[in-house]
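See below for input22.cif, which holds mmCIF, C-alpha atoms and all ligand atoms.
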```
data_data
#
loop_
_atom_site.label_atom_id
_atom_site.label_comp_id
_atom_site.auth_asym_id
_atom_site.auth_seq_id
_atom_site.Cartn_x
_atom_site.Cartn_y
_atom_site.Cartn_z
CA MET A 1 11.30 9.23 18.51
CA ARG A 2 8.44 7.86 16.48
CA SER A 3 5.95 5.44 18.02
CA LYS A 4 6.28 1.70 17.57
CA ILE A 5 2.85 0.25 16.90
CA VAL A 6 1.38 -3.24 16.66
CA ALA A 7 -2.19 -3.13 15.39
CA GLY A 8 -4.50 -6.09 14.88
CA ASN A 9 -7.09 -5.80 12.14
CA TRP A 10 -9.72 -8.39 12.96
CA LYS A 11 -11.65 -7.76 9.72
CA MET A 12 -15.06 -9.58 9.66
CA ASN A 13 -14.14 -12.02 12.40
CA LYS A 14 -15.18 -12.63 16.02
CA THR A 15 -18.66 -12.50 17.50
CA LEU A 16 -19.28 -10.48 20.65
CA THR A 17 -18.57 -13.48 22.86
CA GLU A 18 -15.38 -14.24 20.94
CA THR A 19 -14.36 -10.59 21.13
CA ASN A 20 -14.75 -10.58 24.91
CA THR A 21 -12.75 -13.81 25.18
CA LEU A 22 -9.88 -12.68 22.95
CA LEU A 23 -9.62 -9.31 24.70
CA ALA A 24 -9.62 -10.98 28.12
CA GLU A 25 -6.71 -13.15 26.93
CA LEU A 26 -4.85 -10.21 25.43
CA THR A 27 -5.26 -7.92 28.43
CA GLY A 28 -4.25 -10.80 30.71
CA LYS A 29 -1.10 -11.68 28.79
CA LEU A 30 -0.02 -8.26 27.49
CA PRO A 31 3.74 -7.93 27.95
CA ASP A 32 5.44 -4.77 29.17
CA THR A 33 6.18 -2.85 26.00
CA ASP A 34 6.96 0.62 24.71
CA ALA A 35 4.90 -0.12 21.63
CA GLU A 36 1.34 1.05 21.20
CA VAL A 37 -0.98 -1.92 20.88
CA MET A 38 -4.22 -1.52 18.93
CA VAL A 39 -7.03 -3.87 17.96
CA ALA A 40 -9.75 -3.25 15.38
CA PRO A 41 -12.84 -5.40 15.98
CA THR A 42 -15.92 -5.14 13.81
CA PHE A 43 -18.15 -2.06 14.29
CA VAL A 44 -20.91 -3.92 16.10
CA ASN A 45 -18.52 -4.96 18.88
CA LEU A 46 -16.50 -1.75 19.21
CA ALA A 47 -18.35 -0.31 22.20
CA ALA A 48 -18.04 -3.56 24.14
CA ALA A 49 -14.38 -3.85 23.19
CA VAL A 50 -13.67 -0.35 24.50
CA GLN A 51 -15.08 -1.43 27.86
CA ASP A 52 -13.12 -4.71 27.78
CA VAL A 53 -9.74 -2.96 27.47
CA LYS A 54 -10.51 -0.07 29.84
CA SER A 55 -7.96 -1.05 32.45
CA SER A 56 -5.22 -1.93 29.94
CA SER A 57 -3.06 0.07 27.52
CA ILE A 58 -4.66 -1.55 24.47
CA GLU A 59 -6.43 0.90 22.17
CA VAL A 60 -9.58 -0.13 20.32
CA ILE A 61 -9.71 1.32 16.82
CA ALA A 62 -12.16 1.18 13.90
CA GLN A 63 -11.67 -0.56 10.55
CA ASN A 64 -13.40 2.12 8.51
CA MET A 65 -15.73 5.14 8.64
CA HIS A 66 -17.82 7.25 6.27
CA PHE A 67 -16.74 10.73 5.21
CA ALA A 68 -20.12 12.39 5.76
CA GLU A 69 -20.90 13.89 9.13
CA ASN A 70 -24.32 12.15 9.28
CA GLY A 71 -27.36 11.58 7.09
CA ALA A 72 -28.93 9.14 4.67
CA TYR A 73 -26.07 6.66 4.22
CA THR A 74 -27.61 3.31 5.10
CA GLY A 75 -25.18 0.94 6.73
CA GLU A 76 -22.46 3.52 7.32
CA ILE A 77 -20.71 4.80 10.46
CA SER A 78 -19.63 8.37 11.17
CA ALA A 79 -16.63 9.84 12.96
CA ASP A 80 -18.86 11.20 15.74
CA MET A 81 -20.30 7.74 16.36
CA LEU A 82 -16.79 6.38 16.86
CA LEU A 83 -15.69 9.23 19.10
CA ASP A 84 -18.82 8.96 21.20
CA ILE A 85 -18.03 5.37 22.21
CA GLY A 86 -14.38 6.14 22.91
CA VAL A 87 -12.74 5.18 19.60
CA ASN A 88 -10.13 7.75 18.56
CA THR A 89 -8.31 6.04 15.71
CA VAL A 90 -9.58 4.69 12.38
CA ILE A 91 -8.06 2.55 9.63
CA ILE A 92 -8.68 4.09 6.21
CA GLY A 93 -7.86 2.66 2.80
CA HIS A 94 -7.37 -1.01 3.56
CA SER A 95 -6.86 -2.87 0.29
CA GLU A 96 -10.01 -4.92 0.93
CA ARG A 97 -12.02 -1.68 1.12
CA ARG A 98 -10.41 -0.56 -2.12
CA ALA A 99 -10.87 -3.89 -3.93
CA TYR A 100 -14.27 -5.12 -2.70
CA PHE A 101 -16.08 -1.90 -1.81
CA GLY A 102 -14.95 0.41 -4.58
CA GLU A 103 -13.08 2.87 -2.38
CA THR A 104 -11.08 5.08 -4.70
CA ASP A 105 -8.24 7.44 -3.79
CA GLU A 106 -10.78 10.27 -4.04
CA ILE A 107 -13.16 8.67 -1.53
CA LEU A 108 -10.26 7.83 0.78
CA SER A 109 -9.01 11.38 0.68
CA LYS A 110 -12.46 12.60 1.76
CA LYS A 111 -12.48 10.09 4.61
CA ILE A 112 -9.04 11.19 5.79
CA ILE A 113 -10.07 14.84 5.75
CA SER A 114 -13.26 14.10 7.71
CA ALA A 115 -11.45 11.96 10.25
CA LEU A 116 -8.78 14.61 10.84
CA ASP A 117 -11.42 17.33 11.07
CA LYS A 118 -12.84 15.39 13.99
CA ASN A 119 -9.38 14.89 15.48
CA LEU A 120 -9.36 11.15 14.91
CA ARG A 121 -6.01 9.52 14.26
CA VAL A 122 -5.79 7.82 10.87
CA VAL A 123 -3.99 4.60 9.99
CA PHE A 124 -3.76 5.00 6.22
CA CYS A 125 -3.19 1.79 4.25
CA PHE A 126 -1.79 1.50 0.78
CA GLY A 127 0.35 -0.84 -1.28
CA GLU A 128 0.88 -2.27 -4.72
CA GLU A 129 -0.66 -5.33 -6.36
CA LEU A 130 1.41 -8.24 -7.65
CA GLU A 131 1.29 -7.05 -11.27
CA ASP A 132 2.64 -3.67 -10.21
CA ARG A 133 5.62 -5.29 -8.55
CA LYS A 134 6.21 -7.67 -11.45
CA SER A 135 6.21 -4.76 -13.88
CA ASP A 136 8.49 -2.75 -11.60
CA ASN A 137 5.78 -0.14 -11.13
CA HIS A 138 5.44 -0.53 -7.34
CA PHE A 139 7.23 2.67 -6.34
CA ASN A 140 5.10 4.61 -8.76
CA VAL A 141 1.85 3.11 -7.46
CA VAL A 142 2.78 3.78 -3.84
CA SER A 143 3.86 7.35 -4.48
CA ASN A 144 0.56 8.01 -6.27
CA GLN A 145 -1.43 6.54 -3.39
CA LEU A 146 0.47 8.76 -0.95
CA LYS A 147 0.00 11.81 -3.11
CA ASN A 148 -3.72 11.24 -3.72
CA GLY A 149 -4.48 10.35 -0.13
CA LEU A 150 -2.26 12.63 1.89
CA PHE A 151 -0.36 15.33 0.06
CA ASN A 152 -3.18 17.84 0.27
CA LEU A 153 -2.84 17.83 4.08
CA LYS A 154 -1.33 20.68 6.03
CA PRO A 155 2.01 19.83 7.68
CA GLU A 156 0.40 19.97 11.16
CA ALA A 157 -2.02 17.18 10.21
CA TRP A 158 0.80 14.66 9.97
CA THR A 159 0.97 14.21 13.75
CA LYS A 160 -2.35 12.35 13.43
CA ILE A 161 -1.24 10.07 10.59
CA VAL A 162 0.13 6.53 10.82
CA LEU A 163 1.05 4.77 7.58
CA ALA A 164 0.61 1.09 6.82
CA TYR A 165 2.41 -0.24 3.77
CA GLU A 166 0.59 -3.41 2.77
CA PRO A 167 1.62 -5.02 -0.50
CA VAL A 168 -1.65 -6.57 -1.67
CA TRP A 169 0.10 -9.75 -2.80
CA ALA A 170 1.18 -10.42 0.79
CA ILE A 171 -2.19 -9.92 2.51
CA GLY A 172 -3.77 -13.14 3.73
CA THR A 173 -1.66 -15.13 1.29
CA GLY A 174 1.03 -16.43 3.62
CA GLU A 175 3.48 -14.66 1.34
CA THR A 176 5.44 -11.88 3.07
CA ALA A 177 7.56 -9.15 1.60
CA SER A 178 11.13 -9.95 2.59
CA PRO A 179 12.49 -7.70 5.34
CA GLU A 180 14.69 -6.11 2.64
CA GLN A 181 11.70 -5.45 0.36
CA ALA A 182 9.80 -3.92 3.29
CA GLN A 183 12.77 -1.74 4.27
CA GLU A 184 13.33 -0.64 0.67
CA MET A 185 9.72 0.50 0.33
CA HIS A 186 9.50 2.09 3.79
CA SER A 187 12.64 4.08 3.11
CA PHE A 188 11.19 5.17 -0.26
CA ILE A 189 7.96 6.25 1.51
CA ARG A 190 9.93 8.33 4.02
CA LYS A 191 11.96 9.97 1.25
CA THR A 192 8.80 10.75 -0.73
CA ILE A 193 7.27 12.45 2.32
CA ALA A 194 10.50 14.33 3.04
CA ASN A 195 10.52 15.66 -0.54
CA GLU A 196 6.91 16.80 -0.33
CA TYR A 197 7.04 18.12 3.26
CA THR A 198 10.11 18.08 5.49
CA THR A 199 12.61 15.52 6.76
CA LYS A 200 11.29 16.22 10.24
CA ILE A 201 7.77 15.16 9.29
CA ALA A 202 9.04 12.13 7.39
CA GLU A 203 11.18 11.01 10.33
CA ALA A 204 8.33 11.43 12.81
CA VAL A 205 5.67 9.37 11.01
CA SER A 206 5.30 5.71 12.00
CA ILE A 207 5.27 3.36 9.02
CA LEU A 208 3.83 -0.09 9.72
CA TYR A 209 4.27 -3.12 7.52
CA GLY A 210 1.27 -5.36 6.83
CA GLY A 211 0.93 -8.63 4.97
CA SER A 212 1.25 -12.08 6.57
CA VAL A 213 3.21 -10.93 9.62
CA LYS A 214 3.46 -13.96 11.93
CA PRO A 215 5.35 -14.76 15.14
CA ALA A 216 7.99 -16.50 12.99
CA ASN A 217 8.84 -13.52 10.78
CA ALA A 218 7.89 -10.50 12.92
CA LYS A 219 11.25 -9.96 14.59
CA GLU A 220 13.20 -9.81 11.36
CA ILE A 221 10.72 -7.45 9.69
CA PHE A 222 10.55 -5.18 12.75
CA SER A 223 14.35 -5.05 12.93
CA LYS A 224 14.50 -2.87 9.82
CA VAL A 225 15.18 0.79 10.57
CA ASP A 226 12.20 2.21 8.73
CA VAL A 227 9.69 -0.42 9.87
CA ASP A 228 7.95 0.94 12.99
CA GLY A 229 5.60 -1.96 13.59
CA GLY A 230 2.92 -3.99 11.90
CA LEU A 231 -0.70 -4.14 10.88
CA ILE A 232 -1.60 -7.73 11.54
CA GLY A 233 -4.55 -9.63 10.07
CA GLY A 234 -4.79 -13.40 10.51
CA ALA A 235 -2.26 -13.66 13.33
CA ALA A 236 -4.14 -11.03 15.37
CA LEU A 237 -7.06 -13.43 15.80
CA ASN A 238 -5.11 -15.68 18.14
CA ALA A 239 -3.97 -14.27 21.49
CA ASP A 240 -0.70 -16.20 21.69
CA ASP A 241 0.32 -15.27 18.14
CA PHE A 242 -0.54 -11.61 18.62
CA ILE A 243 1.28 -11.49 21.96
CA ALA A 244 4.33 -13.11 20.34
CA ILE A 245 4.29 -10.42 17.65
CA ILE A 246 4.06 -7.70 20.30
CA LYS A 247 7.04 -9.27 22.06
CA ALA A 248 8.94 -9.27 18.77
CA ILE A 249 8.84 -5.51 18.66
P1 LIG A 301 -2.71 -10.65 7.06
O1 LIG A 301 -3.53 -9.29 6.85
O2 LIG A 301 -1.79 -10.42 8.21
O3 LIG A 301 -3.73 -11.69 7.30
O4 LIG A 301 -1.94 -10.87 5.77
C1 LIG A 301 -2.89 -8.06 6.96
C2 LIG A 301 -3.89 -6.94 6.78
O5 LIG A 301 -4.80 -7.07 5.95
O6 LIG A 301 -3.79 -5.91 7.45
#
```

Turn this file's structure into structure tokens for me.
Amino acid sequence: MRSKIVAGNWKMNKTLTETNTLLAELTGKLPDTDAEVMVAPTFVNLAAAVQDVKSSSIEVIAQNMHFAENGAYTGEISADMLLDIGVNTVIIGHSERRAYFGETDEILSKKIISALDKNLRVVFCFGEELEDRKSDNHFNVVSNQLKNGLFNLKPEAWTKIVLAYEPVWAIGTGETASPEQAQEMHSFIRKTIANEYTTKIAEAVSILYGGSVKPANAKEIFSKVDVDGGLIGGAALNADDFIAIIKAI
């Protein structure tokens, strides 16, 4: 059985004080669930966040990392730095990293390889833009992102991979892919992986949906057979909303 996961990507939000407050609320209200619950605060608050969730089942994860082991990369963060403070999972390839920080498939592939080398778990994000969907090119775009990011990996590496399908047109826009659109793409992703690797690997990988998941639509999206959870942006910044989404799974 593959893991159900609800992950909150806090992006560039929440000061240290706000981080402590939100995590106190989340740990206090966390429902009993089989799902893995993850939160990704900003780098500067990661170490404090790890301490905040120590006595709960919430996992603190990172929003990004650099591919180099260390060195002259001003402003960057390495895998070892994350591991050393107790962070064992990293988001790689978020569309905002691709769009605003020039992260290409080639850079992302290097990051994935470095993260896996260090035994970090990777939440790999990908998804088409609105024009791709309008021109009926979305399956093509997604299969290329999968191929460029992941298809050089050895089969064993897939136990450390979580996928997050995030159509760019649905991120932060209030617009959500319909549950049918999400299911259609998730099923395509699983088939693409099965063709490249094995059905066993494809069936074992968790595929999250991201893009304006809210308490009001979470249950319907999560009810789809190939949707194993969500990567949540805006709604993860409010404890009650995030808790409601966790309950929906
Ligand atoms: P959103 O962000 O939920 O605010 O649309 C999703 C994401 O970027 O992961």

* To do: Write out as a VMD selection string each polymer residue (protein, DNA or RNA) that has an atom no more than 9 Å from ligand LIG 301 (chain A), with only C-alpha atoms and all ligand atoms counted.
  => chain A and resid 7 to 11 94 to 96 125 164 166 168 to 176 209 to 214 230 to 236

* Asked: Counting all atoms listed in the file, which residues come within 8 Å of (-10.3, -4.9, 16.0), with the point read in the file's coordinates, and could you list them as a PyMOL selection string?
  -> chain A and resi 8-11+38-42+46+60-63

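Considering only C-alpha atoms, the residue among A:Thr17, A:Thr199, A:Gln181, A:Asn152 positioned nearest to Ser109 in chain A is A:Asn152.
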
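Comparing the minimum interatomic distances between Ala115 in chain A and each of A:Ala248, A:Val141, A:Val227, A:Ala68, counting all atoms listed in the file, we find that A:Ala68 sits nearest.
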
List the neighbours of Thr192 in chain A out to 10 Å using only C-alpha atoms; skip same-chain residues closer than 4 positions along the sequence, and give me the result as a PDB file with C-alpha atoms, in the coordinates of the input.
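out_23.pdb, freshly written:
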```
ATOM      1  CA  PHE A 139       7.230   2.670  -6.340  1.00  0.00           C
ATOM      2  CA  VAL A 142       2.780   3.780  -3.840  1.00  0.00           C
ATOM      3  CA  SER A 143       3.860   7.350  -4.480  1.00  0.00           C
ATOM      4  CA  LEU A 146       0.470   8.760  -0.950  1.00  0.00           C
ATOM      5  CA  LYS A 147       0.000  11.810  -3.110  1.00  0.00           C
ATOM      6  CA  HIS A 186       9.500   2.090   3.790  1.00  0.00           C
ATOM      7  CA  SER A 187      12.640   4.080   3.110  1.00  0.00           C
ATOM      8  CA  PHE A 188      11.190   5.170  -0.260  1.00  0.00           C
ATOM      9  CA  GLU A 196       6.910  16.800  -0.330  1.00  0.00           C
ATOM     10  CA  TYR A 197       7.040  18.120   3.260  1.00  0.00           C
ATOM     11  CA  THR A 198      10.110  18.080   5.490  1.00  0.00           C
ATOM     12  CA  THR A 199      12.610  15.520   6.760  1.00  0.00           C
ATOM     13  CA  ALA A 202       9.040  12.130   7.390  1.00  0.00           C
TER      14      ALA A 202
END
```

* Which polymer residues have any atom within 12 Å of an atom of Glu103 in chain A, counting all atoms listed in the file, with same-chain residues fewer than 4 positions away left out, as a list in words? -> Asn64, Met65, His66, Phe67, Ile92, Gly93, His94, Ser95, Glu96, Arg97, Arg98, Ala99, Ile107, Leu108, Ser109, Lys110, Lys111, Cys125, Phe126 and Gly149 of chain A

* Interatomic distance, CA of Thr19 in chain A to CA of Leu237 in chain A (Å, one decimal) -> 9.5 Å

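Minimum distance to Ile77 in chain A across A:Val123, A:Ser178, A:Arg133, A:Phe43 (counting all atoms listed in the file) occurs at A:Phe43.
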
* What is the CA of Val50 in chain A-CA of Ala216 in chain A distance in Å, reported with one decimal? -> 29.4 Å

Mind checking which residues fall within 9 Å of Ile246 in chain A, counting all atoms listed in the file, ignoring those fewer than 4 positions away in the same chain, and posting them as a PDB file with C-alpha atoms, keeping the file's coordinate frame?
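That gives us selection21.pdb:
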```
ATOM      1  CA  ILE A   5       2.850   0.250  16.900  1.00  0.00           C
ATOM      2  CA  VAL A   6       1.380  -3.240  16.660  1.00  0.00           C
ATOM      3  CA  LEU A  30      -0.020  -8.260  27.490  1.00  0.00           C
ATOM      4  CA  PRO A  31       3.740  -7.930  27.950  1.00  0.00           C
ATOM      5  CA  THR A  33       6.180  -2.850  26.000  1.00  0.00           C
ATOM      6  CA  ALA A  35       4.900  -0.120  21.630  1.00  0.00           C
ATOM      7  CA  VAL A  37      -0.980  -1.920  20.880  1.00  0.00           C
ATOM      8  CA  PRO A 215       5.350 -14.760  15.140  1.00  0.00           C
ATOM      9  CA  ALA A 218       7.890 -10.500  12.920  1.00  0.00           C
ATOM     10  CA  GLY A 229       5.600  -1.960  13.590  1.00  0.00           C
ATOM     11  CA  ASP A 241       0.320 -15.270  18.140  1.00  0.00           C
ATOM     12  CA  PHE A 242      -0.540 -11.610  18.620  1.00  0.00           C
TER      13      PHE A 242
END
```

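Residues lying within 10 Å of Val87 in chain A, counting all atoms listed in the file and ignoring same-chain neighbours fewer than 2 positions away, are Ala40, Leu46, Ala47, Ala49, Val50, Glu59, Val60, Ile61, Ala62, Ala79, Asp80, Met81, Leu82, Leu83, Asp84, Ile85, Thr89, Val90, Leu120 and Arg121 of chain A.
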
Show me, as a PDB file with C-alpha atoms, in the coordinates of the input, the residues that have an atom within 10 Å of Arg2 in chain A when counting all atoms listed in the file, minus same-chain residues fewer than 2 positions from it.
```pdb
ATOM      1  CA  LYS A   4       6.280   1.700  17.570  1.00  0.00           C
ATOM      2  CA  ILE A   5       2.850   0.250  16.900  1.00  0.00           C
ATOM      3  CA  GLU A 203      11.180  11.010  10.330  1.00  0.00           C
ATOM      4  CA  ALA A 204       8.330  11.430  12.810  1.00  0.00           C
ATOM      5  CA  VAL A 205       5.670   9.370  11.010  1.00  0.00           C
ATOM      6  CA  SER A 206       5.300   5.710  12.000  1.00  0.00           C
ATOM      7  CA  ILE A 207       5.270   3.360   9.020  1.00  0.00           C
ATOM      8  CA  ASP A 228       7.950   0.940  12.990  1.00  0.00           C
TER       9      ASP A 228
END
```

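Coordinates place CA of Ile201 in chain A at a distance of 7.6 Å from CA of Pro155 in chain A.
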
* Which one is closest to Leu22 in chain A: A:Ser3, A:Ser135, A:Asp52, A:Thr159? Count only C-alpha atoms. -> A:Asp52

* Choose the residue, out of A:Gly86, A:Gly71, A:Pro167, A:Gly28, that has the smallest atom-to-atom separation from Gln51 in chain A; count only C-alpha atoms. => A:Gly86
